$ cat query_16.csv   # CSV, C-alpha atoms and all ligand atoms
chain,number,residue,atom,x,y,z
A,1100,MET,CA,125.7,101.6,95.2
A,1101,PRO,CA,126.2,103.7,92.1
A,1102,CYS,CA,124.7,101.3,89.5
A,1103,LYS,CA,121.8,99.1,90.3
A,1104,VAL,CA,119.6,97.1,87.8
A,1105,VAL,CA,116.1,96.0,88.7
A,1106,VAL,CA,114.4,93.3,86.7
A,1107,GLY,CA,111.3,91.0,87.0
A,1108,GLY,CA,111.8,87.4,88.1
A,1109,PHE,CA,108.6,85.7,86.8
A,1110,TRP,CA,106.3,86.8,84.0
A,1111,GLY,CA,106.1,90.5,84.7
A,1112,ASP,CA,103.7,92.3,87.1
A,1113,GLU,CA,105.9,91.4,90.1
A,1114,GLY,CA,105.5,94.9,91.5
A,1115,LYS,CA,108.7,96.4,90.1
A,1116,GLY,CA,107.2,99.9,89.9
A,1117,LYS,CA,106.7,100.1,93.7
A,1118,ILE,CA,110.2,98.7,94.5
A,1119,ILE,CA,111.9,100.9,91.9
A,1120,SER,CA,110.1,104.1,93.1
A,1121,TYR,CA,111.1,103.3,96.7
A,1122,LEU,CA,114.7,102.9,95.7
A,1123,ALA,CA,114.7,106.1,93.7
A,1124,LEU,CA,114.0,108.0,96.9
A,1125,ARG,CA,116.0,105.9,99.3
A,1126,ASP,CA,119.2,105.8,97.2
A,1127,LYS,CA,118.8,109.5,96.2
A,1128,ILE,CA,119.4,108.5,92.6
A,1129,ASP,CA,120.7,111.0,90.0
A,1130,ILE,CA,119.4,109.1,87.0
A,1131,GLY,CA,116.6,106.6,86.6
A,1132,VAL,CA,116.7,105.0,83.2
A,1133,ARG,CA,114.4,102.5,81.5
A,1134,GLY,CA,115.5,99.5,79.5
A,1135,GLY,CA,113.1,96.8,78.3
A,1136,VAL,CA,110.7,96.4,75.5
A,1137,GLY,CA,108.3,99.4,75.4
A,1138,PRO,CA,104.8,100.4,76.3
A,1139,ASN,CA,103.7,96.8,76.6
A,1140,ALA,CA,104.8,97.3,80.2
A,1141,GLY,CA,102.6,98.8,82.9
A,1142,HIS,CA,104.3,99.9,86.1
A,1143,THR,CA,102.2,101.1,89.0
A,1144,VAL,CA,103.5,103.7,91.5
A,1145,GLU,CA,101.4,104.8,94.5
A,1146,PHE,CA,102.8,107.8,96.1
A,1147,GLU,CA,101.3,110.6,98.3
A,1148,GLY,CA,97.7,109.6,97.4
A,1149,HIS,CA,98.3,109.4,93.7
A,1150,THR,CA,98.3,106.3,91.6
A,1151,TYR,CA,100.5,106.5,88.5
A,1152,LYS,CA,100.4,103.8,85.8
A,1153,LEU,CA,103.5,104.2,83.7
A,1154,ARG,CA,104.2,102.5,80.3
A,1155,MET,CA,107.1,104.6,79.1
A,1156,LEU,CA,108.8,106.7,81.8
A,1157,PRO,CA,110.8,105.0,84.5
A,1158,SER,CA,109.1,104.6,87.9
A,1159,THR,CA,111.9,106.5,89.4
A,1160,PHE,CA,110.3,109.8,88.3
A,1161,ILE,CA,108.9,110.5,91.8
A,1162,ASN,CA,112.4,111.6,92.8
A,1163,GLU,CA,112.2,115.1,91.6
A,1164,LYS,CA,115.9,115.6,91.6
A,1165,SER,CA,116.6,112.8,89.2
A,1166,LYS,CA,116.5,112.6,85.4
A,1167,ALA,CA,114.0,110.1,84.0
A,1168,LEU,CA,115.5,108.7,80.8
A,1169,ILE,CA,114.6,106.0,78.3
A,1170,GLY,CA,117.5,103.9,76.7
A,1171,ALA,CA,118.1,103.4,73.0
A,1172,GLY,CA,116.9,99.8,73.1
A,1173,VAL,CA,113.4,100.8,74.1
A,1174,LEU,CA,110.5,101.2,71.7
A,1175,VAL,CA,108.6,104.5,72.2
A,1176,ASN,CA,105.0,105.4,71.5
A,1177,PRO,CA,105.3,109.2,71.3
A,1178,LYS,CA,101.7,109.8,72.3
A,1179,ILE,CA,102.1,107.7,75.5
A,1180,PHE,CA,105.5,109.3,76.2
A,1181,LEU,CA,104.2,112.8,75.9
A,1182,GLU,CA,101.1,112.1,78.0
A,1183,GLU,CA,103.3,110.7,80.8
A,1184,VAL,CA,105.6,113.7,80.7
A,1185,GLU,CA,102.5,115.7,81.2
A,1186,THR,CA,100.8,113.7,84.0
A,1187,THR,CA,104.0,113.2,86.0
A,1188,GLY,CA,105.0,116.8,85.6
A,1189,CYS,CA,108.5,115.6,84.6
A,1190,GLY,CA,109.1,118.2,81.9
A,1191,LYS,CA,112.7,118.5,80.9
A,1192,ARG,CA,113.8,115.9,83.5
A,1193,ALA,CA,112.4,113.4,81.0
A,1194,GLY,CA,114.5,112.3,78.1
A,1195,LEU,CA,114.9,109.6,75.5
A,1196,ASP,CA,117.7,108.4,73.2
A,1197,PRO,CA,117.6,109.5,69.5
A,1198,ASN,CA,117.9,105.9,68.6
A,1199,CYS,CA,114.8,104.7,70.4
A,1200,ALA,CA,112.6,103.0,67.7
A,1201,ILE,CA,109.1,104.5,67.2
A,1202,ILE,CA,105.9,102.5,67.4
A,1203,GLU,CA,103.4,103.7,64.7
A,1204,ASP,CA,99.7,103.0,64.3
A,1205,LYS,CA,100.6,100.3,61.7
A,1206,HIS,CA,102.5,98.3,64.3
A,1207,ILE,CA,99.6,98.4,66.7
A,1208,GLU,CA,97.2,97.4,64.0
A,1209,LYS,CA,99.4,94.5,63.0
A,1210,ASP,CA,99.7,93.4,66.6
A,1211,LYS,CA,95.9,93.5,67.2
A,1212,LYS,CA,94.8,92.1,63.8
A,1213,SER,CA,97.2,89.2,63.7
A,1214,SER,CA,95.3,86.3,65.2
A,1215,TYR,CA,98.7,84.5,65.8
A,1216,LEU,CA,99.9,87.4,68.0
A,1217,SER,CA,96.7,88.5,69.6
A,1218,LYS,CA,95.1,85.1,70.2
A,1219,LYS,CA,97.8,82.3,70.1
A,1220,ILE,CA,100.5,84.3,71.9
A,1221,GLY,CA,98.1,86.7,73.7
A,1222,THR,CA,100.2,89.8,73.2
A,1223,THR,CA,99.3,93.2,74.8
A,1224,GLY,CA,98.4,94.7,71.4
A,1225,SER,CA,100.7,97.7,72.0
A,1226,GLY,CA,102.6,97.2,68.7
A,1227,THR,CA,105.9,96.2,70.3
A,1228,GLY,CA,106.4,92.9,68.4
A,1229,PRO,CA,105.7,94.3,64.9
A,1230,CYS,CA,107.8,97.4,65.7
A,1231,ASN,CA,110.8,95.2,66.7
A,1232,VAL,CA,110.3,93.3,63.4
A,1233,ASP,CA,110.7,96.6,61.5
A,1234,ARG,CA,113.6,97.5,63.6
A,1235,VAL,CA,115.5,94.3,62.7
A,1236,ARG,CA,114.6,94.9,59.1
A,1237,ARG,CA,116.3,98.3,59.4
A,1238,ARG,CA,113.1,100.1,58.3
A,1239,VAL,CA,111.8,101.6,61.5
A,1240,LYS,CA,111.5,105.4,62.4
A,1241,THR,CA,113.6,106.5,65.3
A,1242,ALA,CA,113.0,109.2,67.9
A,1243,LYS,CA,115.2,111.7,66.0
A,1244,ASP,CA,112.7,111.5,63.1
A,1245,VAL,CA,109.8,112.8,65.2
A,1246,PRO,CA,109.6,116.7,65.6
A,1247,GLU,CA,107.5,116.5,68.8
A,1248,LEU,CA,110.2,114.6,70.6
A,1249,LYS,CA,113.1,116.9,69.6
A,1250,GLU,CA,113.2,118.8,72.9
A,1251,PHE,CA,113.5,115.5,74.8
A,1252,LEU,CA,116.4,113.9,72.9
A,1253,VAL,CA,119.4,113.0,75.0
A,1254,ASP,CA,122.4,110.8,74.4
A,1255,VAL,CA,121.3,108.5,77.1
A,1256,ALA,CA,124.3,106.1,77.0
A,1257,PHE,CA,126.6,109.1,77.4
A,1258,GLU,CA,124.6,110.7,80.2
A,1259,VAL,CA,124.4,107.5,82.2
A,1260,ASN,CA,128.1,106.6,81.8
A,1261,LYS,CA,129.2,110.1,82.6
A,1262,ALA,CA,127.1,110.0,85.8
A,1263,LEU,CA,128.8,106.7,86.7
A,1264,ASP,CA,132.2,108.2,86.0
A,1265,GLU,CA,131.3,110.9,88.6
A,1266,ASP,CA,130.2,108.3,91.1
A,1267,LYS,CA,126.6,109.3,90.9
A,1268,ASN,CA,123.7,106.9,91.6
A,1269,VAL,CA,122.0,105.3,88.6
A,1270,LEU,CA,119.0,103.0,88.7
A,1271,ILE,CA,118.3,100.9,85.6
A,1272,GLU,CA,114.7,99.8,85.3
A,1273,GLY,CA,113.8,96.6,83.6
A,1274,THR,CA,110.4,95.6,82.3
A,1275,GLN,CA,108.4,92.4,81.8
A,1276,GLY,CA,109.9,89.4,83.5
A,1277,THR,CA,112.6,86.8,83.1
A,1278,PHE,CA,110.3,84.1,81.7
A,1279,LEU,CA,108.9,86.4,79.1
A,1280,SER,CA,112.4,86.7,77.6
A,1281,LEU,CA,112.6,85.9,73.9
A,1282,TYR,CA,115.8,83.8,74.6
A,1283,HIS,CA,115.3,82.4,78.1
A,1284,GLY,CA,111.5,82.5,78.4
A,1285,THR,CA,108.7,80.1,77.5
A,1286,TYR,CA,109.2,80.5,73.7
A,1287,PRO,CA,107.1,81.2,71.6
A,1288,TYR,CA,104.9,82.5,74.5
A,1289,CYS,CA,107.1,85.4,75.3
A,1290,THR,CA,107.8,89.0,74.4
A,1291,SER,CA,109.8,90.2,71.4
A,1292,LYS,CA,113.2,90.8,73.1
A,1293,ASP,CA,115.4,89.4,75.8
A,1294,VAL,CA,114.5,91.1,79.1
A,1295,THR,CA,117.1,89.7,81.5
A,1296,ALA,CA,119.5,92.0,83.3
A,1297,SER,CA,122.2,91.9,80.6
A,1298,SER,CA,119.9,93.0,77.9
A,1299,ILE,CA,118.3,95.7,80.1
A,1300,CYS,CA,121.8,97.1,80.5
A,1301,ALA,CA,122.5,96.9,76.8
A,1302,ASP,CA,119.3,98.8,76.1
A,1303,VAL,CA,120.7,101.7,78.1
A,1304,GLY,CA,124.3,101.4,76.9
A,1305,VAL,CA,126.0,100.2,80.1
A,1306,GLY,CA,128.4,97.2,80.0
A,1307,PRO,CA,128.4,94.4,82.6
A,1308,THR,CA,131.5,95.6,84.4
A,1309,ARG,CA,129.8,98.8,85.5
A,1310,VAL,CA,126.9,97.1,87.3
A,1311,ASP,CA,127.2,96.9,91.1
A,1312,GLU,CA,123.9,95.2,92.0
A,1313,VAL,CA,121.3,93.2,90.2
A,1314,LEU,CA,118.0,93.1,92.1
A,1315,VAL,CA,115.4,90.6,90.9
A,1316,VAL,CA,111.8,91.2,92.0
A,1317,PHE,CA,109.5,88.3,92.7
A,1318,LYS,CA,105.8,88.5,93.8
A,1319,ALA,CA,104.8,86.3,96.7
A,1320,TYR,CA,102.7,84.3,94.2
A,1321,VAL,CA,103.1,84.0,90.5
A,1322,THR,CA,100.9,85.5,87.8
A,1323,ARG,CA,100.9,85.6,84.0
A,1324,VAL,CA,98.8,87.2,81.4
A,1325,GLY,CA,98.4,85.9,77.9
A,1326,GLU,CA,99.0,82.3,76.8
A,1327,GLY,CA,101.8,79.9,77.6
A,1328,PRO,CA,102.7,77.5,80.4
A,1329,LEU,CA,102.2,78.4,84.0
A,1330,PRO,CA,103.3,75.5,86.2
A,1331,GLY,CA,100.9,74.8,89.1
A,1332,GLU,CA,98.2,77.1,87.7
A,1333,LEU,CA,95.3,77.4,90.0
A,1334,PRO,CA,91.7,77.3,88.8
A,1335,LYS,CA,90.2,80.8,88.5
A,1336,GLU,CA,87.9,80.2,91.5
A,1337,GLU,CA,90.7,79.1,93.7
A,1338,ALA,CA,92.9,82.1,92.7
A,1339,GLU,CA,89.9,84.4,93.4
A,1340,LYS,CA,89.3,82.8,96.8
A,1341,ARG,CA,92.9,83.4,97.7
A,1342,GLY,CA,92.7,87.0,96.5
A,1343,TRP,CA,95.3,86.5,93.8
A,1344,LEU,CA,93.1,87.4,90.8
A,1345,GLU,CA,94.6,90.6,89.4
A,1346,VAL,CA,93.7,92.7,86.4
A,1347,ALA,CA,96.4,93.7,84.0
A,1348,THR,CA,97.5,97.3,83.8
A,1349,VAL,CA,97.8,97.6,80.1
A,1350,THR,CA,95.2,95.2,78.7
A,1351,GLY,CA,92.6,94.9,81.5
A,1352,ARG,CA,92.8,91.1,81.2
A,1353,VAL,CA,92.5,88.9,84.3
A,1354,ARG,CA,95.9,87.4,85.3
A,1355,ARG,CA,96.3,83.7,85.7
A,1356,ALA,CA,97.8,82.7,89.1
A,1357,ALA,CA,100.0,80.0,90.8
A,1358,SER,CA,101.8,79.6,94.1
A,1359,PHE,CA,105.4,81.0,94.5
A,1360,ASN,CA,107.7,78.7,92.5
A,1361,ILE,CA,111.1,78.1,94.1
A,1362,ASP,CA,112.6,76.4,91.0
A,1363,LEU,CA,111.7,79.3,88.7
A,1364,ALA,CA,113.0,81.7,91.3
A,1365,ARG,CA,116.3,79.9,91.4
A,1366,ARG,CA,116.6,79.9,87.6
A,1367,ALA,CA,115.7,83.6,87.4
A,1368,VAL,CA,118.5,84.3,90.0
A,1369,MET,CA,120.9,82.4,87.8
A,1370,LEU,CA,119.8,84.0,84.5
A,1371,ASN,CA,120.2,87.5,85.9
A,1372,SER,CA,123.2,87.0,88.1
A,1373,ALA,CA,121.1,88.4,90.9
A,1374,THR,CA,122.9,89.8,93.9
A,1375,GLN,CA,119.7,90.5,95.9
A,1376,ILE,CA,116.0,89.8,95.6
A,1377,ALA,CA,112.8,91.6,96.6
A,1378,ILE,CA,109.5,89.9,97.5
A,1379,THR,CA,106.4,91.9,96.9
A,1380,LYS,CA,102.7,91.6,98.0
A,1381,LEU,CA,103.5,89.6,101.1
A,1382,ASP,CA,100.3,91.2,102.5
A,1383,VAL,CA,98.2,89.4,99.9
A,1384,LEU,CA,99.5,86.0,101.2
A,1385,TYR,CA,99.4,87.0,104.9
A,1386,PRO,CA,96.9,89.9,105.5
A,1387,GLU,CA,98.4,90.5,109.0
A,1388,CYS,CA,101.5,91.8,107.2
A,1389,ARG,CA,99.8,94.8,105.7
A,1390,GLY,CA,101.8,97.9,106.2
A,1391,VAL,CA,104.4,96.2,108.4
A,1392,ARG,CA,107.8,97.8,108.2
A,1393,ARG,CA,110.0,95.7,110.5
A,1394,PHE,CA,110.9,92.0,109.9
A,1395,ALA,CA,110.5,91.3,113.6
A,1396,ASP,CA,106.8,92.3,113.4
A,1397,LEU,CA,105.9,89.7,110.8
A,1398,PRO,CA,104.0,86.5,111.8
A,1399,ASP,CA,106.1,83.4,112.0
A,1400,GLU,CA,104.4,81.9,109.0
A,1401,ALA,CA,105.5,84.8,106.8
A,1402,LYS,CA,109.0,84.8,108.3
A,1403,ASN,CA,109.4,81.1,107.4
A,1404,PHE,CA,108.1,81.7,103.9
A,1405,LEU,CA,110.8,84.3,103.3
A,1406,ARG,CA,113.6,82.3,105.0
A,1407,ASN,CA,112.8,79.3,102.8
A,1408,ILE,CA,113.0,81.4,99.7
A,1409,GLU,CA,116.2,83.0,100.7
A,1410,ASN,CA,117.9,79.8,101.6
A,1411,SER,CA,116.7,78.0,98.5
A,1412,VAL,CA,117.8,80.6,96.0
A,1413,GLY,CA,121.1,81.5,97.9
A,1414,VAL,CA,120.7,85.3,97.5
A,1415,PRO,CA,119.6,87.7,100.2
A,1416,ILE,CA,116.2,89.2,100.3
A,1417,THR,CA,116.7,92.9,100.8
A,1418,LEU,CA,113.2,94.4,100.3
A,1419,ILE,CA,109.8,93.0,101.2
A,1420,GLY,CA,106.6,94.7,100.0
A,1421,THR,CA,103.7,94.8,102.5
A,1422,GLY,CA,101.2,97.1,100.7
A,1423,PRO,CA,100.8,99.2,97.6
A,1424,GLU,CA,102.1,102.5,98.9
A,1425,ILE,CA,105.9,102.9,98.4
A,1426,TYR,CA,106.7,103.1,102.1
A,1427,ASP,CA,104.7,99.9,102.8
A,1428,ILE,CA,108.1,98.1,102.8
A,1429,ILE,CA,110.5,96.2,105.0
A,1430,ASP,CA,114.0,97.4,104.1
A,1431,LEU,CA,116.5,94.8,105.1
A,1432,GLU,CA,119.4,96.4,103.3
A,1433,ALA,CA,119.0,99.3,105.7
A,1434,THR,CA,118.3,97.2,108.8
A,1435,GLY,CA,120.4,94.1,108.4
A,1436,ARG,CA,119.9,90.6,106.8
A,1437,ILE,CA,117.1,88.3,107.9
A,1438,SER,CA,119.3,85.2,108.0
A,1439,PRO,CA,122.7,84.0,106.9
A,1440,VAL,CA,122.5,82.8,103.3
A,1441,LYS,CA,123.3,79.2,102.7
A,1442,LYS,CA,124.4,78.0,99.3
A,1443,PRO,CA,121.7,76.1,97.6
A,1444,LYS,CA,122.2,72.3,97.3
B,1501,LIG,P1,103.9,91.5,73.8
B,1501,LIG,O1,105.1,91.8,74.7
B,1501,LIG,O2,102.8,92.6,73.9
B,1501,LIG,O3,104.3,91.1,72.4
B,1501,LIG,O4,103.2,90.2,74.5
B,1501,LIG,C1,103.8,88.9,74.5
B,1501,LIG,C2,103.6,88.3,75.9
B,1501,LIG,O5,104.2,89.0,76.9
B,1501,LIG,C3,102.1,88.2,76.3
B,1501,LIG,O6,101.9,87.0,77.0
B,1501,LIG,C4,101.9,89.4,77.2
B,1501,LIG,O7,100.8,89.3,78.1
B,1501,LIG,C5,103.2,89.4,77.9
B,1501,LIG,N1,103.7,90.7,78.4
B,1501,LIG,C6,104.3,91.7,77.7
B,1501,LIG,N2,104.6,92.7,78.5
B,1501,LIG,C7,104.2,92.4,79.8
B,1501,LIG,C8,104.2,93.0,81.0
B,1501,LIG,O8,104.7,94.2,81.2
B,1501,LIG,N3,103.6,92.4,82.1
B,1501,LIG,C9,103.1,91.2,81.9
B,1501,LIG,N4,103.1,90.5,80.8
B,1501,LIG,C10,103.6,91.1,79.7
B,1502,MG,MG,102.8,95.3,84.7
$ encode --input "query_16.csv" --output "structure tokens" --more "lines below"
Ligand code: IMP
Ligand code: MG
Amino acid sequence: MPCKVVVGGFWGDEGKGKIISYLALRDKIDIGVRGGVGPNAGHTVEFEGHTYKLRMLPSTFINEKSKALIGAGVLVNPKIFLEEVETTGCGKRAGLDPNCAIIEDKHIEKDKKSSYLSKKIGTTGSGTGPCNVDRVRRRVKTAKDVPELKEFLVDVAFEVNKALDEDKNVLIEGTQGTFLSLYHGTYPYCTSKDVTASSICADVGVGPTRVDEVLVVFKAYVTRVGEGPLPGELPKEEAEKRGWLEVATVTGRVRRAASFNIDLARRAVMLNSATQIAITKLDVLYPECRGVRRFADLPDEAKNFLRNIENSVGVPITLIGTGPEIYDIIDLEATGRISPVKKPK
């Protein structure tokens, strides 16, 4: 499929980095391009013994033949971008749009010093909200104003659309998760932009008719960092007992946890017009699943858990994560569907 968009289905931290990096290799993509908010995201990629924590570059970078681009809608922290170009060894494969807005120290300060943002909302403190405010006020610096970024400037919308004209494979990477959307999320406990598939495409400069597949990623349980509602939230001790206590990539905060939520999953599928879904961290729910690569080798309990999700949301599960490494995965797109999809009632 030439144009695939991957987004988060809950409150971020669904394991998009792992799914996206796997697809970058499997689909032999030509371009991986990031939409989304900015360096408030933290995507983890484990590949060949290395763990990469990415906040700016797309997780697709591990495919050395692909370009790793950042769309105009994304807010860029130049220091983090340049560090990641260095640590990933991307060099000139990396690029960003001249219209990307620039996060400056004053934005980070405002984010961290505002008790409304840092305490009531519980932001990541990466400056993204205040930077988007300045962007809307038409007072923000853009990437073309920053000399250190000059060599990386690329007309991203043009590059991506040209690649699609030539039938090349493009993967568009979303960040955060559906219920952190400024429009469709748990307002005001949300991020500073819409982050559903439509906006992720707009960030990059691709219109809806060019998109072939929308993959929504769900974790096998739900987590959220920061404030705001989390239906069915477990007490911290219970989450810990179940092994669901995670530590956030960007802020080091402990994530709140709840069981998989079918109603939210159904709504996320609707809001993103999903054509497929991925379920990650199945091995955290069922340790016997660790590293399993064939659906047939899963215990019955895990199979039923997955079938129930698929039948309830009415969209096929195509990928199942069974461990942190990118090849700890069951790929049902490659090996056939797990069950016929029934329409939800
Ligand atoms: P901000 O995006 O830093 O303004 O934070 C607003 C809310 O979104 C807070 O609850 C953050 O914890 C949450 N958030 C932002 N980005 C991410 C992410 O990538 N993963 C998980 N939560 C996020
Ligand atoms: Mg994250």
$ closest_residue --input "query_16.csv" --among "A:Glu1332, A:Glu1345, A:Glu1247, A:Glu1312" --to "ligand LIG 1501 (chain B)" --atoms "all atoms listed in the file"
A:Glu1345
$ residues_near_ligand --input "query_16.csv" --ligand "ligand MG 1502 (chain B)" --cutoff "12 Å" --atoms "all atoms listed in the file" --output "VMD selection string"
chain A and resid 1106 to 1107 1109 to 1117 1137 to 1144 1152 to 1155 1158 1223 1273 to 1276 1318 1322 to 1324 1345 to 1352 1354
$ atom_distance --input "query_16.csv" --atom1 "atom CA of Asn1360 of chain A" --atom2 "atom CA of Gly1331 of chain A"
8.5 Å
$ residues_near_point --input "query_16.csv" --point "(115.0, 99.0, 71.3)" --cutoff "10 Å" --atoms "only C-alpha atoms" --output "ChimeraX atom specification"
/A:1134-1137,1169-1175,1196,1198-1201,1227,1230-1231,1234-1235,1241,1292,1299,1301-1303
$ closest_residue --input "query_16.csv" --among "A:Thr1417, A:Ser1280, A:Thr1186, A:Thr1308" --to "ligand LIG 1501 (chain B)" --atoms "all atoms listed in the file"
A:Ser1280
$ closest_residue --input "query_16.csv" --among "A:Phe1146, A:Tyr1320, A:Tyr1286, A:Trp1343" --to "ligand LIG 1501 (chain B)" --atoms "only C-alpha atoms and all ligand atoms"
A:Tyr1286
$ closest_residue --input "query_16.csv" --among "A:Ala1256, A:Tyr1426, A:Gly1224, A:Ala1356" --to "Ser1120 of chain A" --atoms "all atoms listed in the file"
A:Tyr1426
$ atom_distance --input "query_16.csv" --atom1 "atom CA of Ser1165 of chain A" --atom2 "atom CA of Val1132 of chain A"
9.8 Å
$ residues_around --input "query_16.csv" --residues "Lys1402 of chain A" --least-positions-apart "4" --cutoff "12 Å" --atoms "all atoms listed in the file" --output "list in words"
Ile1378, Leu1381, Leu1384, Tyr1385, Cys1388, Arg1393, Phe1394, Ala1395, Asp1396, Leu1397, Pro1398, Arg1406, Asn1407, Ile1408, Glu1409, Ile1416, Ile1419, Ile1429, Ile1437 and Ser1438 of chain A
$ atom_distance --input "query_16.csv" --atom1 "atom CA of Gly1228 of chain A" --atom2 "atom CA of Val1104 of chain A"
23.8 Å
$ closest_residue --input "query_16.csv" --among "A:His1149, A:Arg1133, A:Lys1127, A:Arg1238" --to "Ala1193 of chain A" --atoms "all atoms listed in the file"
A:Arg1133
$ residues_near_point --input "query_16.csv" --point "(119.4, 77.8, 93.6)" --cutoff "12 Å" --atoms "all atoms listed in the file" --output "PyMOL selection string"
chain A and resi 1360-1370+1372-1373+1407-1415+1440-1444
$ closest_residue --input "query_16.csv" --among "A:Leu1156, A:Ile1428, A:Val1259, A:Leu1216" --to "ligand LIG 1501 (chain B)" --atoms "only C-alpha atoms and all ligand atoms"
A:Leu1216
$ residues_around --input "query_16.csv" --residues "Leu1263 of chain A" --least-positions-apart "4" --cutoff "8 Å" --atoms "all atoms listed in the file" --output "list in words"
Pro1101, Cys1102, Val1259, Lys1267, Asn1268 and Val1269 of chain A
$ residues_around --input "query_16.csv" --residues "Pro1197 of chain A" --least-positions-apart "2" --cutoff "6 Å" --atoms "all atoms listed in the file" --output "PyMOL selection string"
chain A and resi 1199+1242-1243+1252
